[in-house]
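Notes to accompany the following structure.
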Amino acid sequence: MRRPVALIALTALVVAGCGDSNSPPTAGPSTVPSSSMPTEPTDQPTDQPTDQPTEPSSPATETPPPQTPTDPPAGGCIDQKLQDLTLREQAAQLIMTGINASGMTSAQKAVVQQGSGSVFLMGSSGSLSHTRSAMSAVNTAATVKGIRPLIAADQEGGQIQRLKGVGFDRIPAATVQGTWSSSKLTAQARVWGSQLKQAGVNVDLAPVADVVPSSLKSQNSPIGQLNREYGDTPADASRGVQAFVQGMRKAGVATSVKHFPGLGRVRGNTDFSSGVVDNVTVRGDADLQPFAAGIKAGAAMVMISTVTYTKIDPKNRAIFSPTVIQGMVRGDLGWQGVVITDDVGAAAEVASVPAGARATRFVAAGGDIVINAKAGLTTTMVDALVAKAQDDKSFAAKLTSSVRRVLTLKQDHGLVSCG
């Protein structure tokens with residue numbers, strides 16, 4: 001596929017301005033490949049503000065980094081796991097269900113046991129030791145045929161930090177992190193990642209790669225008003241994103257750059273508003289540079305926004321757009337790893353779309369993991385994926401490819417037992 005001129009320039013900027021000799025190999029062509037979450041313990045929308053940050057502590061002992069996700073090999077453990085899983089168990093691997101950070105309720109536990117390949121934590125947690133105990137229970141409930149769950153949290157910093165009890169540093173907002181040197185931010189992110197790892201959390205749904213122009217900061221409710229951006233230029237945001245990803249990766253924690261292709265130019269927050277539109281961003285936009293930088297640094301996932309980008313695909317929200325996912329993420333940016341949604345469970349933006357269709361349309365567009373803040377919708381989503389795969393061979397092949405990517409990511413992080 002021919003890349004737009006703007007994207008070629010973007011790639012050159014990433015290579016020149018964000019390169020690191022210690023960066024891992026990417027999962028796409030050598031020209032440089034390129035998620036906000038529910039927060040309340042009840043079924044509330046994502047990215048609710050929390051307390052003010054304090055300065056983080058000094059770096060901890062480094063954990064060897066996992067491998068960057070790539071197209072899985074044709075045989076071996078992953079193929080065996082795919083054969084072992086029923087179609088329903090495969091579909092369940094594509095749903096990430098919201099649970100209380102302080103521990104699963106009985107209803108949430110039942111959903112996870114019935115089939116949810118991953119979970120993410122909502123609301124406030126207890127101490128690190130309490131969280132570790134709670135996550136041990138999650139692993140017991142969600143492990144199926146030697147496949148453990150991805151356990152994710154929004155641990156950005158500032159007003160978006162889910163785990164902040166005793167044992168977790170208070171993390172400054174991204175606008176503060178962005179003023180640090182890259183080496184300092186990488187070192188501190190390694191500390192924060194080590195704390196997540198100790199607590200049994202293996203995914204940080206961060207960093208935010210969105211660029212918020214300074215002129216729009218006060219009007220940009222999902223990012224700018226919450227100080228979630230690393231900078232107001234692609235270069236500044238890229239430096240922060242890359243340093244954060246590298247630190248988390250050194251701690252053995254997977255990351256997700258979000259919210260592709262960017263929330264920096266919108267005004268409404270899709271968690272609370274519907275009909276949010278970006279009329280500015282184009283394919284090959286310079287503001288995509290931080291996503292490319294995050295992938296180059298070793299991000300494990302790319303999160304797709306629920307906004308509609310009229311100059312890219314005016315007929316589909318980004319999460320349902322083959323142009324965005326297949327054309328831009330997997331094509332232009334060369335990413336062959338896991339693609340994940342922003343929340344499609346409680347978010348107002350997708351409330352008018354039937355719950356099952358939210359899952360099937362995303363997978364049909366080329367995506368992999370569906371984030372669902374409402375645990376009660378997980379069974380509906382799994383049912384829809386199964387039914388669609390049974391009726392449509394082309395969709396069934398896409399579902400299998402998605403499960404393969406998810407299992408490969410899990411294998412890379414030691415969550416798949418082979419043999």
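FYI, nothing fancy with the structure tokens labels: chains A, B, ... in order, residues from 1 per chain, ligands from 1 as they appear.
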
| Exercise: Asp236 (chain A) partners within 10 Å, only C-alpha atoms, chain neighbours under 3 positions left out, as a PyMOL selection string | chain A and resi 17-18+178-179+211+229-233+239-241+290

Please return, as a list of chain:residue names, all residues of region 230-300 of chain A that DSSP assigns to strand (DSSP E) on the basis of the backbone.
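Put together, the selection reads A:Ala254, A:Thr255, A:Ser256, A:Val257, A:Lys258, A:His259, A:Phe260, A:Val277, A:Asp278.
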
Take the residues that were just selected and, keeping all heavy atoms, output them as a PDB file, in the first residue's frame.
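The new file part.pdb reads:
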```pdb
ATOM      1  N   ALA A 254       2.825  -4.707  29.921  1.00  0.00           N
ATOM      2  CA  ALA A 254       2.384  -4.330  28.586  1.00  0.00           C
ATOM      3  C   ALA A 254       1.708  -2.964  28.622  1.00  0.00           C
ATOM      4  O   ALA A 254       1.088  -2.591  29.615  1.00  0.00           O
ATOM      5  CB  ALA A 254       1.410  -5.373  28.039  1.00  0.00           C
ATOM      6  N   THR A 255       1.817  -2.219  27.524  1.00  0.00           N
ATOM      7  CA  THR A 255       1.187  -0.907  27.434  1.00  0.00           C
ATOM      8  C   THR A 255       0.311  -0.827  26.189  1.00  0.00           C
ATOM      9  O   THR A 255       0.430  -1.637  25.279  1.00  0.00           O
ATOM     10  CB  THR A 255       2.252   0.205  27.373  1.00  0.00           C
ATOM     11  OG1 THR A 255       3.203  -0.115  26.351  1.00  0.00           O
ATOM     12  CG2 THR A 255       2.955   0.388  28.704  1.00  0.00           C
ATOM     13  N   SER A 256      -0.559   0.197  26.183  1.00  0.00           N
ATOM     14  CA  SER A 256      -1.421   0.439  25.032  1.00  0.00           C
ATOM     15  C   SER A 256      -1.407   1.921  24.703  1.00  0.00           C
ATOM     16  O   SER A 256      -1.871   2.741  25.513  1.00  0.00           O
ATOM     17  CB  SER A 256      -2.858  -0.011  25.338  1.00  0.00           C
ATOM     18  OG  SER A 256      -3.714   0.307  24.264  1.00  0.00           O
ATOM     19  N   VAL A 257      -0.865   2.274  23.548  1.00  0.00           N
ATOM     20  CA  VAL A 257      -0.915   3.680  23.135  1.00  0.00           C
ATOM     21  C   VAL A 257      -2.351   4.002  22.722  1.00  0.00           C
ATOM     22  O   VAL A 257      -3.011   3.209  22.046  1.00  0.00           O
ATOM     23  CB  VAL A 257       0.073   3.983  21.989  1.00  0.00           C
ATOM     24  CG1 VAL A 257       1.499   4.017  22.500  1.00  0.00           C
ATOM     25  CG2 VAL A 257      -0.069   2.976  20.848  1.00  0.00           C
ATOM     26  N   LYS A 258      -2.834   5.146  23.143  1.00  0.00           N
ATOM     27  CA  LYS A 258      -4.238   5.494  22.909  1.00  0.00           C
ATOM     28  C   LYS A 258      -4.380   6.995  22.672  1.00  0.00           C
ATOM     29  O   LYS A 258      -3.504   7.768  23.070  1.00  0.00           O
ATOM     30  CB  LYS A 258      -5.096   5.048  24.098  1.00  0.00           C
ATOM     31  CG  LYS A 258      -4.706   5.701  25.451  1.00  0.00           C
ATOM     32  CD  LYS A 258      -5.504   5.106  26.593  1.00  0.00           C
ATOM     33  CE  LYS A 258      -5.191   5.813  27.903  1.00  0.00           C
ATOM     34  NZ  LYS A 258      -5.870   5.182  29.062  1.00  0.00           N
ATOM     35  N   HIS A 259      -5.431   7.435  21.995  1.00  0.00           N
ATOM     36  CA  HIS A 259      -6.619   6.779  21.465  1.00  0.00           C
ATOM     37  C   HIS A 259      -6.618   7.033  19.960  1.00  0.00           C
ATOM     38  O   HIS A 259      -7.065   8.085  19.517  1.00  0.00           O
ATOM     39  CB  HIS A 259      -7.884   7.351  22.068  1.00  0.00           C
ATOM     40  CG  HIS A 259      -7.845   7.513  23.571  1.00  0.00           C
ATOM     41  ND1 HIS A 259      -7.160   8.532  24.199  1.00  0.00           N
ATOM     42  CD2 HIS A 259      -8.419   6.782  24.540  1.00  0.00           C
ATOM     43  CE1 HIS A 259      -7.312   8.428  25.510  1.00  0.00           C
ATOM     44  NE2 HIS A 259      -8.071   7.368  25.748  1.00  0.00           N
ATOM     45  N   PHE A 260      -6.087   6.099  19.173  1.00  0.00           N
ATOM     46  CA  PHE A 260      -5.860   6.264  17.743  1.00  0.00           C
ATOM     47  C   PHE A 260      -7.172   6.520  17.002  1.00  0.00           C
ATOM     48  O   PHE A 260      -8.165   5.846  17.261  1.00  0.00           O
ATOM     49  CB  PHE A 260      -5.195   5.004  17.183  1.00  0.00           C
ATOM     50  CG  PHE A 260      -4.685   5.154  15.786  1.00  0.00           C
ATOM     51  CD1 PHE A 260      -3.398   5.611  15.557  1.00  0.00           C
ATOM     52  CD2 PHE A 260      -5.485   4.860  14.694  1.00  0.00           C
ATOM     53  CE1 PHE A 260      -2.917   5.753  14.262  1.00  0.00           C
ATOM     54  CE2 PHE A 260      -5.024   5.010  13.402  1.00  0.00           C
ATOM     55  CZ  PHE A 260      -3.735   5.463  13.188  1.00  0.00           C
ATOM     56  N   VAL A 277     -17.227  14.149  17.034  1.00  0.00           N
ATOM     57  CA  VAL A 277     -16.661  14.098  15.682  1.00  0.00           C
ATOM     58  C   VAL A 277     -15.366  14.898  15.621  1.00  0.00           C
ATOM     59  O   VAL A 277     -15.226  15.944  16.259  1.00  0.00           O
ATOM     60  CB  VAL A 277     -17.678  14.657  14.659  1.00  0.00           C
ATOM     61  CG1 VAL A 277     -17.057  14.771  13.275  1.00  0.00           C
ATOM     62  CG2 VAL A 277     -18.917  13.778  14.606  1.00  0.00           C
ATOM     63  N   ASP A 278     -14.414  14.384  14.861  1.00  0.00           N
ATOM     64  CA  ASP A 278     -13.183  15.098  14.528  1.00  0.00           C
ATOM     65  C   ASP A 278     -13.254  15.430  13.042  1.00  0.00           C
ATOM     66  O   ASP A 278     -13.254  14.523  12.200  1.00  0.00           O
ATOM     67  CB  ASP A 278     -11.966  14.216  14.833  1.00  0.00           C
ATOM     68  CG  ASP A 278     -10.631  14.846  14.458  1.00  0.00           C
ATOM     69  OD1 ASP A 278     -10.563  15.588  13.461  1.00  0.00           O
ATOM     70  OD2 ASP A 278      -9.632  14.568  15.158  1.00  0.00           O
TER      71      ASP A 278
END
```

From the list A:Val302, A:Val212, A:Met248, A:Ile160, the nearest residue to Gln188 (chain A) using only C-alpha atoms is A:Met248

With 9 Å as the cut-off and only C-alpha atoms counted, what is the closest atom pair between each nearby residue of region 129-185 of chain A and region 92-106 of chain A? Distances in Å to one decimal, ordered by chain and number, as CSV.
```
residue,atom,partner,partner_atom,distance
A:His130,CA,A:Ser102,CA,7.6
A:Thr131,CA,A:Ser102,CA,6.5
A:Ser133,CA,A:Gly103,CA,8.6
A:Ala134,CA,A:Gly103,CA,5.0
A:Met135,CA,A:Gly103,CA,7.4
A:Ala137,CA,A:Gly103,CA,8.2
A:Val138,CA,A:Met104,CA,7.5
A:Pro149,CA,A:Gln93,CA,8.4
A:Leu150,CA,A:Met96,CA,8.0
A:Ile151,CA,A:Met96,CA,8.6
A:Ala152,CA,A:Met96,CA,8.7
A:Ala153,CA,A:Ala101,CA,8.4
A:Arg162,CA,A:Ala101,CA,7.7
A:Leu163,CA,A:Ala101,CA,7.6
```

Practice prompt. Write down as a PyMOL selection string the residues of region 176-406 of chain A whose backbone DSSP state falls under helix (DSSP H, G or I).
Written response: chain A and resi 176-177+182-198+214-219+224-226+234-250+286-297+318-320+322-332+348-350+355-364+375-391+393-406

- Query: Hey, what's within 12 Å of region 83-87 of chain A if we count only C-alpha atoms and toss same-chain stuff fewer than 2 positions away? As an MDAnalysis selection string, please?
  - Reply: chainID A and resid 75:81 89:94 115 117 144:147 382:390 396:397 399:400 403:404 407 418

Output the selection as an mmCIF file, in the first residue's frame - C-alpha atoms for each residue.
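Listing of out02.cif after writing:
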```cif
data_model
loop_
_atom_site.group_PDB
_atom_site.id
_atom_site.type_symbol
_atom_site.label_atom_id
_atom_site.label_comp_id
_atom_site.auth_asym_id
_atom_site.auth_seq_id
_atom_site.Cartn_x
_atom_site.Cartn_y
_atom_site.Cartn_z
ATOM 1 C CA GLY A 75 2.859 -23.862 14.567
ATOM 2 C CA GLY A 76 3.681 -24.594 18.156
ATOM 3 C CA CYS A 77 1.969 -23.722 21.385
ATOM 4 C CA ILE A 78 -0.444 -21.112 20.015
ATOM 5 C CA ASP A 79 -1.796 -23.463 17.361
ATOM 6 C CA GLN A 80 -2.297 -26.125 20.010
ATOM 7 C CA LYS A 81 -4.175 -23.707 22.242
ATOM 8 C CA GLU A 89 -13.739 -19.989 24.603
ATOM 9 C CA GLN A 90 -11.986 -18.362 21.664
ATOM 10 C CA ALA A 91 -14.588 -15.588 21.507
ATOM 11 C CA ALA A 92 -14.212 -14.999 25.239
ATOM 12 C CA GLN A 93 -10.509 -14.299 24.719
ATOM 13 C CA LEU A 94 -11.554 -11.157 22.816
ATOM 14 C CA GLY A 115 -15.851 -16.600 29.905
ATOM 15 C CA GLY A 117 -10.243 -13.598 28.496
ATOM 16 C CA VAL A 144 -8.836 -21.515 30.990
ATOM 17 C CA LYS A 145 -6.817 -24.431 29.603
ATOM 18 C CA GLY A 146 -3.520 -22.944 30.731
ATOM 19 C CA ILE A 147 -4.303 -19.427 29.457
ATOM 20 C CA VAL A 382 -19.499 -13.427 23.388
ATOM 21 C CA ASP A 383 -22.803 -14.842 22.117
ATOM 22 C CA ALA A 384 -22.765 -12.394 19.202
ATOM 23 C CA LEU A 385 -19.189 -13.285 18.243
ATOM 24 C CA VAL A 386 -19.992 -17.004 18.311
ATOM 25 C CA ALA A 387 -23.172 -16.617 16.271
ATOM 26 C CA LYS A 388 -21.467 -14.450 13.671
ATOM 27 C CA ALA A 389 -18.564 -16.902 13.339
ATOM 28 C CA GLN A 390 -20.944 -19.831 12.908
ATOM 29 C CA ALA A 396 -14.754 -16.845 11.612
ATOM 30 C CA ALA A 397 -11.309 -16.518 10.009
ATOM 31 C CA LEU A 399 -11.984 -14.131 14.815
ATOM 32 C CA THR A 400 -9.345 -16.855 14.738
ATOM 33 C CA VAL A 403 -7.500 -14.838 19.045
ATOM 34 C CA ARG A 404 -4.080 -15.806 17.685
ATOM 35 C CA LEU A 407 -2.691 -15.502 22.660
ATOM 36 C CA CYS A 418 2.455 -24.869 26.927
#
```

Interatomic distance, CA of Met301 (chain A) to CA of Asn202 (chain A) (Å, one decimal):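 A separation of 12.7 Å between them.
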
Which residues are near Val276 (chain A)? Cut-off 12 Å, only C-alpha atoms, ignore same chain within fewer than 5 positions. Put them as a VMD selection string. chain A and resid 220 to 222 263 265 to 271 305 to 310 314 316 to 318 347 to 350

Export, as an mmCIF file, in the first residue's frame, the selected residues with C-alpha atoms.
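File written: part_36.cif
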```
data_model
loop_
_atom_site.group_PDB
_atom_site.id
_atom_site.type_symbol
_atom_site.label_atom_id
_atom_site.label_comp_id
_atom_site.auth_asym_id
_atom_site.auth_seq_id
_atom_site.Cartn_x
_atom_site.Cartn_y
_atom_site.Cartn_z
ATOM 1 C CA ASN A 220 -10.716 19.477 24.945
ATOM 2 C CA SER A 221 -12.629 17.639 27.669
ATOM 3 C CA PRO A 222 -11.278 14.072 27.297
ATOM 4 C CA LEU A 263 -8.641 12.725 20.686
ATOM 5 C CA ARG A 265 -8.882 17.874 18.397
ATOM 6 C CA VAL A 266 -12.322 16.968 19.735
ATOM 7 C CA ARG A 267 -14.322 18.753 22.392
ATOM 8 C CA GLY A 268 -16.722 16.128 23.741
ATOM 9 C CA ASN A 269 -15.828 13.135 25.911
ATOM 10 C CA THR A 270 -17.200 9.938 24.383
ATOM 11 C CA ASP A 271 -17.726 8.442 27.844
ATOM 12 C CA SER A 305 -11.127 5.706 19.803
ATOM 13 C CA THR A 306 -14.907 5.688 19.390
ATOM 14 C CA VAL A 307 -14.916 9.081 17.613
ATOM 15 C CA THR A 308 -15.912 9.525 13.962
ATOM 16 C CA TYR A 309 -13.175 11.115 11.802
ATOM 17 C CA THR A 310 -14.970 12.715 8.869
ATOM 18 C CA PRO A 314 -17.209 9.674 7.664
ATOM 19 C CA ASN A 316 -17.966 4.744 10.665
ATOM 20 C CA ARG A 317 -16.702 5.417 14.160
ATOM 21 C CA ALA A 318 -12.988 4.612 14.270
ATOM 22 C CA ALA A 347 -19.595 4.792 26.897
ATOM 23 C CA ALA A 348 -22.390 7.108 25.776
ATOM 24 C CA GLU A 349 -20.949 7.326 22.259
ATOM 25 C CA VAL A 350 -21.930 3.749 21.395
#
```

As a check of understanding: the span from CA of Thr143 (chain A) to CA of Phe120 (chain A) is 14.9 Å

Set the distance at 9 Å and use only C-alpha atoms: which residues neighbour Asp287 (chain A) once local chain neighbours fewer than 4 positions away are removed? I'd like the list as a list in words.
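Neighbouring residues, sequence-local ones excluded: Leu10, Ala209, Asp210, Val211, Thr233, Pro234, Ala235, Pro261, Gly262, Gly264, Thr281 and Phe291 of chain A.
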
* So which one's closest to Arg170 (chain A), A:Ser182, A:Phe395, A:Gln108, A:Val191? Using only C-alpha atoms, please. ->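 Comparing A:Ser182, A:Phe395, A:Gln108, A:Val191 against Arg170 (chain A), the winner is A:Val191.
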
Each residue of region 271-345 of chain A with at least one atom at most 10 Å from region 361-375 of chain A should appear once, together with its nearest atom pair and the corresponding distance in Å (one decimal); atoms considered: only C-alpha atoms; ordering: chain, then increasing residue number; output as CSV.
```
residue,atom,partner,partner_atom,distance
A:Met301,CA,A:Ile369,CA,9.5
A:Val302,CA,A:Gly367,CA,9.7
A:Met303,CA,A:Ile369,CA,9.3
A:Ile304,CA,A:Gly367,CA,8.8
A:Arg317,CA,A:Phe362,CA,9.9
A:Ala318,CA,A:Phe362,CA,9.2
A:Ile319,CA,A:Phe362,CA,5.8
A:Phe320,CA,A:Phe362,CA,5.0
A:Ser321,CA,A:Ala365,CA,5.7
A:Pro322,CA,A:Ala365,CA,4.5
A:Thr323,CA,A:Ala365,CA,8.2
A:Val324,CA,A:Ala365,CA,8.5
A:Ile325,CA,A:Gly366,CA,5.9
A:Gln326,CA,A:Gly366,CA,5.9
A:Gly327,CA,A:Gly366,CA,9.6
A:Val329,CA,A:Gly366,CA,9.6
A:Arg330,CA,A:Gly366,CA,8.7
A:Gly337,CA,A:Asp368,CA,9.1
A:Val338,CA,A:Asp368,CA,6.0
A:Val339,CA,A:Gly367,CA,5.1
A:Ile340,CA,A:Ile369,CA,4.6
A:Thr341,CA,A:Val370,CA,5.3
A:Asp342,CA,A:Ile371,CA,6.2
A:Asp343,CA,A:Ile371,CA,4.9
A:Val344,CA,A:Asn372,CA,5.5
A:Gly345,CA,A:Asn372,CA,4.1
```

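You can rank A:Thr186, A:Thr140, A:Thr379, A:Ser394 by their closest distance to Ala251 (chain A) using only C-alpha atoms, and at the top of that list sits A:Thr186.
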
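Distances from A:Ala174, A:Val253, A:Ala199, A:Leu185 to Ser125 (chain A) were compared using only C-alpha atoms, and the smallest one belongs to A:Ala199.
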